[in-house]
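Student: Here you go, this is work.txt (compact mmCIF, C-alpha atoms).
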```
# COMPACT_ATOMS: atom_id res chain seq x y z
CA MET E 1 56.57 90.48 60.53
CA GLU E 2 58.86 90.13 63.52
CA THR E 3 60.97 93.08 64.66
CA ARG E 4 64.63 92.64 65.33
CA ALA E 5 64.18 93.39 69.05
CA HIS E 6 61.43 90.77 69.31
CA ALA E 7 63.61 88.17 67.58
CA LEU E 8 66.51 88.99 69.90
CA ALA E 9 64.29 88.64 72.97
CA LYS E 10 63.09 85.24 71.74
CA ALA E 11 66.68 84.11 71.15
CA GLN E 12 67.68 85.19 74.66
CA GLU E 13 64.75 83.27 76.13
CA ARG E 14 65.90 80.18 74.31
CA SER E 15 69.56 80.60 75.30
CA GLY E 16 68.78 80.92 79.02
CA PRO E 17 67.86 77.28 79.55
CA ILE E 18 70.58 76.18 77.13
CA MET E 19 73.25 78.07 79.12
CA TRP E 20 71.96 76.60 82.37
CA GLU E 21 72.01 73.09 80.88
CA TRP E 22 75.55 73.61 79.62
CA LEU E 23 76.65 74.89 83.03
CA VAL E 24 75.10 71.92 84.83
CA GLU E 25 76.61 69.44 82.37
CA ASN E 26 80.04 71.09 82.51
CA ALA E 27 80.15 72.27 86.10
CA TRP E 28 83.52 70.61 86.53
CA LEU E 29 84.95 72.99 83.91
CA PHE E 30 83.42 76.00 85.63
CA TRP E 31 84.94 75.02 88.99
CA LEU E 32 88.31 74.23 87.41
CA LEU E 33 88.42 77.66 85.77
CA ALA E 34 87.29 79.30 89.01
CA MET E 35 90.07 77.53 90.90
CA ILE E 36 92.73 78.66 88.40
CA VAL E 37 91.50 82.27 88.29
CA LEU E 38 91.26 82.52 92.08
CA ALA E 39 94.77 81.04 92.47
CA ALA E 40 96.11 83.58 89.96
CA ILE E 41 94.49 86.44 91.87
CA GLU E 42 96.05 85.06 95.06
CA MET E 43 99.48 85.28 93.44
CA LEU E 44 98.90 89.00 92.99
CA THR E 45 97.47 89.73 96.45
CA LEU E 46 99.33 87.22 98.67
CA ASP E 47 96.71 87.58 101.39
CA PHE E 48 95.39 83.96 101.52
CA VAL E 49 91.77 85.02 100.90
CA PHE E 50 91.72 83.98 97.27
CA LEU E 51 93.77 80.88 98.09
CA MET E 52 91.03 79.77 100.48
CA MET E 53 88.40 80.46 97.81
CA SER E 54 90.49 78.52 95.29
CA ALA E 55 90.59 75.57 97.70
CA ALA E 56 86.82 75.83 98.11
CA SER E 57 86.39 75.69 94.34
CA LEU E 58 88.59 72.56 94.35
CA LEU E 59 86.05 71.00 96.71
CA ALA E 60 83.21 72.05 94.40
CA PHE E 61 85.18 70.65 91.45
CA GLY E 62 85.37 67.26 93.17
CA LEU E 63 81.72 67.48 94.11
CA SER E 64 80.79 68.16 90.47
CA TRP E 65 81.94 64.61 89.65
CA VAL E 66 79.69 63.21 92.38
CA THR E 67 76.49 65.18 91.79
CA ASP E 68 75.00 67.12 88.91
CA ASN E 69 73.12 69.42 91.27
CA PHE E 70 74.79 72.80 90.69
CA VAL E 71 72.99 74.38 93.65
CA ILE E 72 74.58 71.84 96.02
CA GLN E 73 77.98 72.60 94.49
CA VAL E 74 77.52 76.35 94.98
CA VAL E 75 76.38 75.90 98.59
CA ALA E 76 79.36 73.60 99.29
CA PHE E 77 81.70 76.16 97.71
CA ALA E 78 80.25 79.00 99.81
CA LEU E 79 80.39 77.04 103.07
CA ALA E 80 83.92 75.79 102.40
CA ALA E 81 85.11 79.30 101.47
CA VAL E 82 83.67 80.84 104.65
CA LEU E 83 85.10 78.09 106.86
CA LEU E 84 88.52 78.24 105.22
CA ILE E 85 88.70 82.04 105.38
CA PHE E 86 87.64 82.27 109.01
CA LEU E 87 89.24 79.11 110.42
CA VAL E 88 92.24 78.11 108.30
CA ARG E 89 93.47 81.51 107.05
CA PRO E 90 94.17 83.00 110.53
CA VAL E 91 96.14 79.89 111.52
CA ALA E 92 98.16 80.01 108.30
CA LEU E 93 98.88 83.73 108.72
CA ARG E 94 100.03 83.23 112.33
CA ARG E 95 102.27 80.37 111.27
CA ILE E 96 103.88 82.40 108.51
CA ASN E 97 104.34 85.44 110.75
CA ARG E 98 105.85 83.24 113.47
CA SER E 99 108.33 81.70 111.02
CA THR E 100 109.60 85.15 109.95
CA PRO E 101 109.47 87.16 113.20
CA GLY E 102 111.85 90.05 112.55
CA THR E 103 111.07 90.57 108.90
CA VAL E 104 109.87 94.01 107.93
CA SER E 105 108.47 94.62 104.51
CA ASN E 106 107.30 97.36 102.23
CA ALA E 107 107.84 100.91 103.47
CA ALA E 108 108.65 99.85 107.06
CA ARG E 109 111.97 98.41 105.92
CA LEU E 110 113.09 101.87 104.74
CA ILE E 111 113.06 103.45 108.21
CA GLY E 112 116.61 104.16 109.34
CA LEU E 113 118.13 103.98 105.86
CA PRO E 114 120.40 106.78 104.64
CA CYS E 115 119.40 108.96 101.71
CA GLN E 116 120.71 112.10 100.02
CA VAL E 117 118.93 115.43 99.55
CA LEU E 118 118.32 116.27 95.86
CA ASP E 119 116.15 119.38 96.35
CA PRO E 120 116.28 121.39 99.60
CA VAL E 121 114.14 119.66 102.22
CA THR E 122 112.03 121.80 104.54
CA ALA E 123 109.19 121.05 106.94
CA ARG E 124 106.84 121.31 103.94
CA SER E 125 108.63 119.90 100.87
CA GLY E 126 111.78 118.55 99.27
CA LEU E 127 113.25 115.61 97.36
CA VAL E 128 115.66 112.86 98.39
CA ARG E 129 117.26 109.88 96.67
CA LEU E 130 116.51 106.71 98.60
CA GLU E 131 117.81 103.38 97.32
CA GLY E 132 118.05 104.75 93.78
CA ASP E 133 114.53 106.21 93.75
CA THR E 134 113.46 109.83 94.13
CA TRP E 135 111.04 110.43 97.01
CA SER E 136 109.24 113.53 98.16
CA ALA E 137 110.49 114.43 101.61
CA ARG E 138 109.91 116.65 104.62
CA SER E 139 112.20 117.50 107.49
CA VAL E 140 111.29 115.98 110.86
CA THR E 141 113.08 118.73 112.76
CA GLY E 142 111.69 121.58 110.66
CA GLU E 143 115.15 122.82 109.70
CA GLN E 144 116.07 123.29 106.05
CA LEU E 145 118.38 120.56 104.73
CA PRO E 146 120.52 121.72 101.75
CA VAL E 147 121.20 119.75 98.56
CA GLY E 148 123.82 117.02 99.01
CA THR E 149 123.16 116.52 102.72
CA ASP E 150 123.14 112.92 103.91
CA VAL E 151 119.96 112.30 105.91
CA TYR E 152 118.13 109.33 107.38
CA VAL E 153 114.54 108.14 107.04
CA HIS E 154 112.61 108.53 110.30
CA GLU E 155 109.11 107.76 109.08
CA ILE E 156 107.05 107.11 105.96
CA GLU E 157 103.77 108.95 105.36
CA GLY E 158 102.21 107.68 102.15
CA ALA E 159 104.69 108.54 99.38
CA THR E 160 106.65 111.02 101.51
CA VAL E 161 109.63 110.23 103.70
CA LEU E 162 110.26 112.21 106.87
CA VAL E 163 113.98 112.71 107.22
CA ALA E 164 116.53 114.15 109.65
CA PRO E 165 120.29 114.69 109.53
CA HIS E 166 120.83 112.06 112.24
CA PRO E 167 119.74 108.40 112.27
CA ALA E 168 116.39 107.38 113.72
CA PRO E 169 116.79 105.88 117.20
CA THR E 170 116.44 102.12 117.49
CA ALA E 171 114.20 100.33 119.99
CA ASP E 172 116.83 100.71 122.72
CA GLY E 173 117.12 104.46 122.06
CA ARG E 174 120.53 104.46 120.37
CA PRO E 175 120.88 106.07 116.94
CA GLU E 176 122.06 103.39 114.57
CA PRO E 177 121.70 103.61 110.80
CA ARG E 178 120.96 100.47 108.87
CA PRO E 179 123.11 99.90 105.80
CA SER E 180 121.62 100.51 102.38
CA PHE E 181 121.68 97.51 100.06
```
The structure in this file should be written as structure tokens.

Tutor:
Amino acid sequence: METRAHALAKAQERSGPIMWEWLVENAWLFWLLAMIVLAAIEMLTLDFVFLMMSAASLLAFGLSWVTDNFVIQVVAFALAAVLLIFLVRPVALRRINRSTPGTVSNAARLIGLPCQVLDPVTARSGLVRLEGDTWSARSVTGEQLPVGTDVYVHEIEGATVLVAPHPAPTADGRPEPRPSF
């Protein structure tokens, strides 16, 4: 009498070659799904790495219609991904950065913006309202800033803004607050 574990092991042995055969026969579907998943991940990261891998899977997808050799498809995918990531991605990033030269994003765009003290800000702690959100804050100058004081963002350290009662100086040294939108 066969044990359940023995029967399961036999079934897994049989499914191994069947899965491989299915993958070889339907490699085009595998590469199509890989391309879609990698493109979706790229939409979340916006770093061009997964876009390059998605393009490499497009190459493997086309190759799957030419040859049934899955190993050749995988090697082509790997080579194309490496070449695209190291040769095409840097060029694309430079081109995008050149087309938007003065654009600051993320936390860097907050520097120089006005905010209002919600909880007294000291050199160690405090809270401010910045563009409708509450941020933890510290005073750049070390002085205590009372509730209701209008202050300006000088620097961002993680999730904490460093603020002062006067605007952060611009590149030419003049204090000039940027408007809040």

Student: Using all atoms listed in the file, find all polymer residues with an atom at most 12 Å away from the point (117.9, 125.6, 110.8); report them as a short mmCIF file (atom, residue, chain, number, x, y, z; two decimals) with C-alpha atoms, in the coordinates of the input.

Tutor:
```
data_model
loop_
_atom_site.label_atom_id
_atom_site.label_comp_id
_atom_site.auth_asym_id
_atom_site.auth_seq_id
_atom_site.Cartn_x
_atom_site.Cartn_y
_atom_site.Cartn_z
CA VAL E 121 114.14 119.66 102.22
CA THR E 122 112.03 121.80 104.54
CA ALA E 123 109.19 121.05 106.94
CA SER E 139 112.20 117.50 107.49
CA VAL E 140 111.29 115.98 110.86
CA THR E 141 113.08 118.73 112.76
CA GLY E 142 111.69 121.58 110.66
CA GLU E 143 115.15 122.82 109.70
CA GLN E 144 116.07 123.29 106.05
CA LEU E 145 118.38 120.56 104.73
CA PRO E 146 120.52 121.72 101.75
CA ALA E 164 116.53 114.15 109.65
CA PRO E 165 120.29 114.69 109.53
#
```

Student: Report, in Å with one decimal, the straight-line distance from atom CA of E:Glu131 to atom CA of E:Cys115.

Tutor: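 Computed distance, atom CA of E:Glu131 to atom CA of E:Cys115, equals 7.3 Å.
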
Student: Find the distance between atom CA of E:Trp22 and atom CA of E:Met35 and write it in Å to one decimal.

Tutor: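 Interatomic distance, atom CA of E:Trp22 to atom CA of E:Met35: 18.8 Å.
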
Student: Taking all atoms listed in the file into account, name the residue in E:Ala137, E:Val147, E:Ile72, E:Val128 that is nearest to E:Thr160.

Tutor: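 Once distances to E:Thr160 are computed over all atoms listed in the file, the minimum belongs to E:Ala137.
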
Student: Between atom CA of E:Ile85 and atom CA of E:Phe48, measure the distance and give it in Å to one decimal.

Tutor: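 Atom-to-atom, atom CA of E:Ile85 and atom CA of E:Phe48 are spaced 8.0 Å apart.
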
Student: Between E:Ala108, E:Leu29, E:Met52, E:Ile156, which is the closest to E:Ala81 once you count all atoms listed in the file?

Tutor: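 Closest to E:Ala81 of all the choices is E:Met52.
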
Student: Can you work out which one of E:Met53, E:Leu46, E:Val37, E:Ala27 has the shortest atom-to-atom distance to E:Asn69, counting only C-alpha atoms?

Tutor: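 Closest residue, counting only C-alpha atoms: E:Ala27.
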
Student: Name the closest residue to E:Val117 among the candidates E:Leu51, E:Leu83, E:Ile36, E:Leu162; distances are taken between atoms, counting all atoms listed in the file.

Tutor: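 Looking at the shortest contact to E:Val117, the residue is E:Leu162.
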
Student: Name the closest residue to E:Pro167 among the candidates E:Leu33, E:Ile111, E:Ala40, E:Val91; distances are taken between atoms, counting only C-alpha atoms.

Tutor: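 Closest candidate: E:Ile111.
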
Student: Could you give me, as a JSON list (two decimals) with C-alpha atoms, in the frame of the given file, the residues within 6 Å of E:Gln116, counting only C-alpha atoms and dropping anything in the same chain fewer than 4 positions from it?

Tutor:
```
[["chain", "number", "residue", "atom", "x", "y", "z"],
["E", 128, "VAL", "CA", 115.66, 112.86, 98.39],
["E", 129, "ARG", "CA", 117.26, 109.88, 96.67],
["E", 148, "GLY", "CA", 123.82, 117.02, 99.01],
["E", 149, "THR", "CA", 123.16, 116.52, 102.72],
["E", 150, "ASP", "CA", 123.14, 112.92, 103.91],
["E", 151, "VAL", "CA", 119.96, 112.30, 105.91]]
```

Student: Taking all atoms listed in the file into account, which of E:Val49, E:Ala34, E:Leu44, E:Val66 comes nearest E:Ala92?

Tutor: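 When distances to E:Ala92 are compared using all atoms listed in the file, the smallest one comes from E:Val49.
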
Student: Find the smallest box with edges along x, y and z containing every listed atom of stretch 45-58 of chain E, then add 4 Å on each side and report centre and edge lengths in Å to one decimal, as AutoDock Vina command-line options.

Tutor:
```
--center_x 92.9 --center_y 81.1 --center_z 97.9 --size_x 20.9 --size_y 25.2 --size_z 15.2
```

Student: So that I can see what lies close to E:Phe70, please list as an mmCIF file with C-alpha atoms, in the frame of the given file the residues with an atom at most 10 Å from it, counting only C-alpha atoms and leaving out residues fewer than 3 positions away in the same chain.

Tutor:
```cif
data_model
loop_
_atom_site.group_PDB
_atom_site.id
_atom_site.type_symbol
_atom_site.label_atom_id
_atom_site.label_comp_id
_atom_site.auth_asym_id
_atom_site.auth_seq_id
_atom_site.Cartn_x
_atom_site.Cartn_y
_atom_site.Cartn_z
ATOM 1 C CA TRP E 20 71.960 76.600 82.370
ATOM 2 C CA LEU E 23 76.650 74.890 83.030
ATOM 3 C CA VAL E 24 75.100 71.920 84.830
ATOM 4 C CA GLU E 25 76.610 69.440 82.370
ATOM 5 C CA ASN E 26 80.040 71.090 82.510
ATOM 6 C CA ALA E 27 80.150 72.270 86.100
ATOM 7 C CA TRP E 28 83.520 70.610 86.530
ATOM 8 C CA ALA E 60 83.210 72.050 94.400
ATOM 9 C CA LEU E 63 81.720 67.480 94.110
ATOM 10 C CA SER E 64 80.790 68.160 90.470
ATOM 11 C CA THR E 67 76.490 65.180 91.790
ATOM 12 C CA GLN E 73 77.980 72.600 94.490
ATOM 13 C CA VAL E 74 77.520 76.350 94.980
ATOM 14 C CA VAL E 75 76.380 75.900 98.590
ATOM 15 C CA ALA E 76 79.360 73.600 99.290
#
```
